[in-house]
Amino acid sequence: MTPPVSVHKSALSGLLALPLLLAPLLGGSARAETPILLKIKDHRFTPAEIHVKANQPSLIVMTNADATAEEFDSTSLKVEKVVPGNASGNIRIRPLAPGRYPFMGEYHSDTAQGVVIAE
Amino acid sequence: MLASLLIVFREVIEAGLILGIVLAATKGVVGRALWVGIGVVGGIVGACIVAAFAGEIEQLFQGSGQELFNATILTLAVVMLTWHNVWMAGHGRAMARELKGVGEAVLSGERTLTALAVVVGVAVLREGSEVVLFLYGIAAQPGTTTAAMLTGGVLGLGAGAAVSALMYYGLLAIPAHKLFKVTSGLITLLAAGMAAQAVLFLQQAGYFEVMTRTVWDTSWLLSQDSIVGRMLHTLVGYSDAPNGAQLAAYGATALVIFALMRWEHGRHHRHHGRRRAAVAAE
């Protein structure tokens with residue numbers, strides 16, 4: 001009974017590390033384009049409207065100037081990203097078909113609203 | 001108060017549903033309360049740690065630490081669910097058929113209980129860290145609404161627990177001999193949905209950026225942001241605008257689990273058949 005358990009344990013830690021080890025092989029995360037700066041302060045986004053080129057990936061760097069964490073959340077952009085208070089986080093936007101893609105700060109969705117416009 | 005109730009409820013609903021399914025799938029297995037409890041407590045402790053180190057995790061892997069962390073723990077949950085399902089396909093039916101195997105059932109149940117404890121822990125950890133950050137944010141804010149918001153948060157947790165109970169008792173209403181089939185079907189779809197979600201996190205991290213085009217869009221019919229959409233997202237991996245890679249991960253995972261279950265089931269059948277033939281020959 002003991003051997004299968006120990007095999008299982010080492011397999012488990014191996015599996016845990018696998019995606020992290022594979023990640024660099026699957027593709028580069030470096031992007032040539034300049035990042036778009038997005039700031040949240042008093043639970044409001046500036047700018048609240050972000051324009052990106054359609055069919056091209058882009059990078060948003062979100063700075064959280066509030067003391068508490070905020071989650072950048074957008075189902076249409078397929079992004080969920082927690083940015084701790086007084087910190088910044090990278091938000092990668094996949095190549096988008098032309099259109100409007102709303103996003104929100106999930107913890108303060110009454111004020112934290114914005115939209116990405118791909119054109 | 002209502003706002004914070006809804007936010008917390010949205011976050012805990014996923015963990016609540018998974019907990020309900022796991023409890024139903026382990027009905028009658030001795031020691032399940034302990035293992036599921038370990039999963040929940042471990043998940044809460046993990047959630048607090050992840051919340052406290054959110055900034056540090058984020059800095060890893062060129063600012064993609066959070067996404068890769070999510071993708072990793074989701075993958076771990078998929079592996080554990082697969083293992084449980086495949087193992088049960090081999091032993092579950094035999095356990096139910098042969099009364100003599102009661103002692104065996106206790107033992108075998110415990111094996112996959114560790115896997116399911118990991119699954120529960122991962123579910124609680126993932127959504128729990130966001131709840132911790134949110135509630136901490138409220139608590140840290142000075143103001144008269146703080147108490148009301150916290151009350152809303154606690155009520156949201158309660159609502160999540162209620163969903164868990166509904167899922168559990170709903171599944172128990174299914175006749176015992178069919179329950180195994182239903183729970184393994186649910187677990188297969190749960191795992192497939194998690195695999196699709198893991199791929200999405202990898203793409204969000206800037207890796208594996210293939211087949212990113214949206215294949216169809218049903219957001220006009222059922223938004224993934226609605227409560228029903230979110231529940232279906234957890235249960236069967238519903239996505240209102242899936243991309244190619246998501247669909248491929250979903251399909252591949254469901255197929256692999258199904259094939260492994262068939263194979264394991266067949267292997268045990270043949271084994272039992274041979275044993276019976278040998279007994280008859282003596």
# chains A, B, ... in the order shown; residues from 1 in each chain; ligands from 1
>>> closest_atom_pairs(of="chain B", to="chain A", cutoff="9 Å", atoms="only C-alpha atoms", output="Markdown table")
| residue | atom | partner | partner_atom | distance |
| --- | --- | --- | --- | --- |
| B:Ala3 | CA | A:His108 | CA | 8.8 |
| B:Ser4 | CA | A:Tyr107 | CA | 8.1 |
| B:Ile7 | CA | A:Tyr107 | CA | 7.1 |
| B:Ala51 | CA | A:Pro84 | CA | 8.8 |
| B:Ala54 | CA | A:Pro84 | CA | 6.6 |
| B:Gly55 | CA | A:Pro84 | CA | 6.0 |
| B:Glu58 | CA | A:Gly89 | CA | 7.1 |
| B:Gln59 | CA | A:Gly89 | CA | 8.3 |
| B:Gln62 | CA | A:Ser29 | CA | 8.1 |
| B:Gly63 | CA | A:Asn90 | CA | 5.9 |
| B:Ser64 | CA | A:Asn90 | CA | 7.3 |
| B:Gln66 | CA | A:Lys81 | CA | 7.7 |
| B:Glu67 | CA | A:Lys81 | CA | 7.9 |
| B:Leu68 | CA | A:Leu20 | CA | 6.8 |
| B:Phe69 | CA | A:Leu20 | CA | 8.2 |
| B:Ala71 | CA | A:Pro19 | CA | 7.5 |
| B:Thr72 | CA | A:Pro19 | CA | 5.9 |
| B:Ile73 | CA | A:Leu16 | CA | 7.2 |
| B:Thr75 | CA | A:Leu16 | CA | 7.8 |
| B:Leu76 | CA | A:Leu16 | CA | 6.2 |
| B:Val79 | CA | A:Leu15 | CA | 8.4 |
| B:Arg111 | CA | A:Val5 | CA | 8.6 |
| B:Glu130 | CA | A:Val82 | CA | 7.8 |
| B:Leu133 | CA | A:Ala69 | CA | 6.3 |
| B:Phe134 | CA | A:Tyr107 | CA | 6.3 |
| B:Tyr136 | CA | A:Thr68 | CA | 7.9 |
| B:Gly137 | CA | A:Thr68 | CA | 5.0 |
| B:Ile138 | CA | A:Thr68 | CA | 8.2 |
| B:Ala140 | CA | A:Thr68 | CA | 7.8 |
| B:Gln141 | CA | A:Thr68 | CA | 8.3 |
| B:Leu200 | CA | A:Lys78 | CA | 7.4 |
| B:Phe201 | CA | A:Val79 | CA | 8.1 |
| B:Leu202 | CA | A:Ala23 | CA | 8.0 |
| B:Gln203 | CA | A:Arg94 | CA | 8.0 |
| B:Gln204 | CA | A:Arg92 | CA | 5.8 |
| B:Ala205 | CA | A:Arg92 | CA | 6.9 |
| B:Gly206 | CA | A:Ser29 | CA | 4.8 |
| B:Tyr207 | CA | A:Gly27 | CA | 5.1 |
| B:Phe208 | CA | A:Leu26 | CA | 5.4 |
| B:Glu209 | CA | A:Gly27 | CA | 7.5 |
| B:Thr212 | CA | A:Arg94 | CA | 7.3 |
| B:Arg213 | CA | A:Pro95 | CA | 8.1 |
| B:Ser223 | CA | A:Thr75 | CA | 9.0 |
| B:Gln224 | CA | A:Thr75 | CA | 7.1 |
| B:Asp225 | CA | A:Thr75 | CA | 7.0 |
| B:Asp240 | CA | A:Thr75 | CA | 8.6 |
| B:Ala241 | CA | A:Ser76 | CA | 7.6 |
>>> write_last_selection(atoms="C-alpha atoms", output="short mmCIF file (atom, residue, chain, number, x, y, z; two decimals), in the first residue's frame")
data_model
loop_
_atom_site.label_atom_id
_atom_site.label_comp_id
_atom_site.auth_asym_id
_atom_site.auth_seq_id
_atom_site.Cartn_x
_atom_site.Cartn_y
_atom_site.Cartn_z
CA ALA B 3 -23.23 45.08 -3.36
CA SER B 4 -20.72 43.31 -1.13
CA ILE B 7 -19.53 40.26 -4.94
CA ALA B 51 -3.81 37.26 -0.66
CA ALA B 54 -0.46 38.80 -4.10
CA GLY B 55 2.10 41.45 -4.98
CA GLU B 58 2.49 38.97 -9.45
CA GLN B 59 6.16 39.94 -9.86
CA GLN B 62 7.70 38.94 -15.93
CA GLY B 63 4.47 40.02 -14.30
CA SER B 64 2.58 36.86 -15.22
CA GLN B 66 -0.72 35.35 -10.97
CA GLU B 67 -1.91 33.82 -14.25
CA LEU B 68 0.66 31.02 -14.20
CA PHE B 69 -0.19 30.27 -10.58
CA ALA B 71 -3.13 27.83 -14.51
CA THR B 72 -0.96 25.54 -12.37
CA ILE B 73 -3.44 24.95 -9.57
CA THR B 75 -4.17 21.84 -13.88
CA LEU B 76 -3.53 20.14 -10.55
CA VAL B 79 -5.37 15.78 -12.69
CA ARG B 111 -7.30 6.93 -1.57
CA GLU B 130 -10.15 37.26 -3.93
CA LEU B 133 -8.57 40.81 -0.62
CA PHE B 134 -12.02 42.29 -1.07
CA TYR B 136 -9.69 43.22 3.75
CA GLY B 137 -10.14 46.23 1.50
CA ILE B 138 -13.46 47.02 3.17
CA ALA B 140 -9.18 48.77 5.96
CA GLN B 141 -11.42 51.59 4.76
CA LEU B 200 -7.20 30.91 -20.84
CA PHE B 201 -4.91 31.86 -17.96
CA LEU B 202 -1.87 30.68 -19.95
CA GLN B 203 -2.97 32.88 -22.84
CA GLN B 204 -3.52 35.78 -20.48
CA ALA B 205 0.04 35.26 -19.30
CA GLY B 206 1.24 35.59 -22.89
CA TYR B 207 1.95 31.90 -23.49
CA PHE B 208 0.31 29.40 -25.76
CA GLU B 209 -1.27 32.12 -27.87
CA THR B 212 -7.31 32.79 -29.86
CA ARG B 213 -10.12 33.64 -32.27
CA SER B 223 -24.09 36.20 -20.28
CA GLN B 224 -21.24 34.50 -18.47
CA ASP B 225 -21.38 37.38 -15.97
CA ASP B 240 -20.29 32.76 -23.78
CA ALA B 241 -17.54 33.39 -26.34
#
>>> residues_around(residues="segment 87-90 of chain B", least_positions_apart="2", cutoff="6 Å", atoms="only C-alpha atoms", output="list in words")
Trp83, His84, Asn85, Gly92, Met261, Glu264, His265 and His268 of chain B
>>> write_last_selection(atoms="C-alpha atoms", output="PDB file, in the first residue's frame")
ATOM      1  CA  TRP B  83      -7.553  10.292 -11.098  1.00  0.00           C
ATOM      2  CA  HIS B  84     -10.660  10.073  -8.934  1.00  0.00           C
ATOM      3  CA  ASN B  85     -12.940   9.332 -11.869  1.00  0.00           C
ATOM      4  CA  GLY B  92     -16.577   1.892  -7.721  1.00  0.00           C
ATOM      5  CA  MET B 261     -12.551   5.447 -17.486  1.00  0.00           C
ATOM      6  CA  GLU B 264     -10.013   1.058 -16.488  1.00  0.00           C
ATOM      7  CA  HIS B 265     -13.542  -0.293 -16.304  1.00  0.00           C
ATOM      8  CA  HIS B 268     -11.362  -4.691 -14.130  1.00  0.00           C
TER       9      HIS B 268
END
>>> residues_around(residues="segment 178-194 of chain B", least_positions_apart="3", cutoff="8 Å", atoms="only C-alpha atoms", output="VMD selection string")
chain B and resid 21 24 to 25 74 to 75 77 to 78 81 to 82 85 92 171 to 172 174 to 175 197 to 198 233 to 238 249 to 254 257 to 258
>>> closest_residue(among="A:Lys41, A:Thr34, A:Pro98, A:Gln56", to="Glu119 of chain A", atoms="only C-alpha atoms")
A:Pro98
>>> select_by_dssp(residues="segment 97-225 of chain B", states="alpha helix (DSSP H)", output="VMD selection string")
chain B and resid 97 102 to 140 146 to 172 176 to 204
>>> write_last_selection(atoms="C-alpha atoms", output="tab-separated table (two decimals), in the first residue's frame")
chain	number	residue	atom	x	y	z
B	97	ARG	CA	-21.83	-4.85	-6.28
B	102	VAL	CA	-17.06	-3.07	2.68
B	103	GLY	CA	-13.65	-2.98	4.29
B	104	GLU	CA	-12.13	-2.56	0.86
B	105	ALA	CA	-14.51	0.31	0.16
B	106	VAL	CA	-13.36	2.22	3.20
B	107	LEU	CA	-9.76	1.83	2.12
B	108	SER	CA	-10.31	2.68	-1.53
B	109	GLY	CA	-12.50	5.63	-0.67
B	110	GLU	CA	-9.69	7.09	1.36
B	111	ARG	CA	-7.30	6.93	-1.57
B	112	THR	CA	-9.32	9.16	-3.82
B	113	LEU	CA	-10.43	11.28	-0.87
B	114	THR	CA	-6.94	12.78	-0.78
B	115	ALA	CA	-7.36	13.75	-4.45
B	116	LEU	CA	-10.75	15.30	-3.80
B	117	ALA	CA	-9.42	17.15	-0.75
B	118	VAL	CA	-6.87	18.76	-3.08
B	119	VAL	CA	-9.66	19.70	-5.51
B	120	VAL	CA	-11.72	21.32	-2.73
B	121	GLY	CA	-8.63	23.08	-1.41
B	122	VAL	CA	-7.80	24.50	-4.84
B	123	ALA	CA	-11.36	25.73	-5.39
B	124	VAL	CA	-11.49	27.43	-2.00
B	125	LEU	CA	-8.00	28.89	-2.44
B	126	ARG	CA	-8.63	30.34	-5.89
B	127	GLU	CA	-11.82	32.22	-5.15
B	128	GLY	CA	-11.08	32.64	-1.46
B	129	SER	CA	-7.99	34.77	-2.02
B	130	GLU	CA	-10.15	37.26	-3.93
B	131	VAL	CA	-12.72	37.30	-1.14
B	132	VAL	CA	-9.97	37.89	1.42
B	133	LEU	CA	-8.57	40.81	-0.62
B	134	PHE	CA	-12.02	42.29	-1.07
B	135	LEU	CA	-13.08	41.99	2.57
B	136	TYR	CA	-9.69	43.22	3.75
B	137	GLY	CA	-10.14	46.23	1.50
B	138	ILE	CA	-13.46	47.02	3.17
B	139	ALA	CA	-12.13	46.49	6.66
B	140	ALA	CA	-9.18	48.77	5.96
B	146	THR	CA	-17.80	49.34	6.67
B	147	ALA	CA	-19.95	47.34	9.10
B	148	ALA	CA	-22.79	47.02	6.61
B	149	MET	CA	-20.41	45.97	3.83
B	150	LEU	CA	-18.81	43.34	6.06
B	151	THR	CA	-22.25	42.05	7.03
B	152	GLY	CA	-23.02	41.78	3.32
B	153	GLY	CA	-19.81	39.85	2.82
B	154	VAL	CA	-20.65	37.38	5.56
B	155	LEU	CA	-24.17	36.95	4.14
B	156	GLY	CA	-22.57	36.34	0.74
B	157	LEU	CA	-20.48	33.55	2.26
B	158	GLY	CA	-23.67	32.12	3.78
B	159	ALA	CA	-25.40	32.23	0.40
B	160	GLY	CA	-22.44	30.36	-1.10
B	161	ALA	CA	-22.76	27.69	1.60
B	162	ALA	CA	-26.47	27.42	0.81
B	163	VAL	CA	-25.67	26.76	-2.87
B	164	SER	CA	-23.28	24.05	-1.74
B	165	ALA	CA	-26.01	22.43	0.38
B	166	LEU	CA	-28.55	22.67	-2.46
B	167	MET	CA	-26.14	20.99	-4.87
B	168	TYR	CA	-25.41	18.24	-2.35
B	169	TYR	CA	-29.01	17.45	-1.38
B	170	GLY	CA	-30.12	17.82	-4.99
B	171	LEU	CA	-27.65	15.15	-6.03
B	172	LEU	CA	-28.63	12.89	-3.12
B	176	ALA	CA	-28.13	5.56	-5.17
B	177	HIS	CA	-27.38	3.21	-8.08
B	178	LYS	CA	-27.41	6.13	-10.53
B	179	LEU	CA	-25.59	8.62	-8.31
B	180	PHE	CA	-22.17	7.27	-9.26
B	181	LYS	CA	-22.85	7.76	-12.97
B	182	VAL	CA	-24.16	11.27	-12.44
B	183	THR	CA	-21.31	12.42	-10.21
B	184	SER	CA	-18.63	10.99	-12.51
B	185	GLY	CA	-20.31	12.71	-15.45
B	186	LEU	CA	-20.38	15.99	-13.54
B	187	ILE	CA	-16.77	15.59	-12.48
B	188	THR	CA	-15.72	14.96	-16.10
B	189	LEU	CA	-17.37	18.21	-17.26
B	190	LEU	CA	-16.04	20.07	-14.23
B	191	ALA	CA	-12.50	18.96	-15.12
B	192	ALA	CA	-12.95	19.83	-18.80
B	193	GLY	CA	-14.14	23.32	-17.88
B	194	MET	CA	-11.17	23.79	-15.55
B	195	ALA	CA	-8.76	22.73	-18.30
B	196	ALA	CA	-10.31	25.32	-20.63
B	197	GLN	CA	-9.95	27.94	-17.91
B	198	ALA	CA	-6.30	26.98	-17.37
B	199	VAL	CA	-5.60	27.49	-21.09
B	200	LEU	CA	-7.20	30.91	-20.84
B	201	PHE	CA	-4.91	31.86	-17.96
B	202	LEU	CA	-1.87	30.68	-19.95
B	203	GLN	CA	-2.97	32.88	-22.84
B	204	GLN	CA	-3.52	35.78	-20.48
>>> atom_distance(atom1="atom CA of Phe45 of chain A", atom2="atom CA of Asp217 of chain B")
27.2 Å
>>> atom_distance(atom1="atom CA of Ile13 of chain B", atom2="atom CA of Gln246 of chain B")
21.8 Å
>>> residues_around(residues="segment 50-52 of chain A", least_positions_apart="6", cutoff="6 Å", atoms="only C-alpha atoms", output="list of chain:residue names")
A:Val116, A:Ile117, A:Ala118
>>> atom_distance(atom1="atom CA of Met211 of chain B", atom2="atom CA of Ala245 of chain B")
5.1 Å
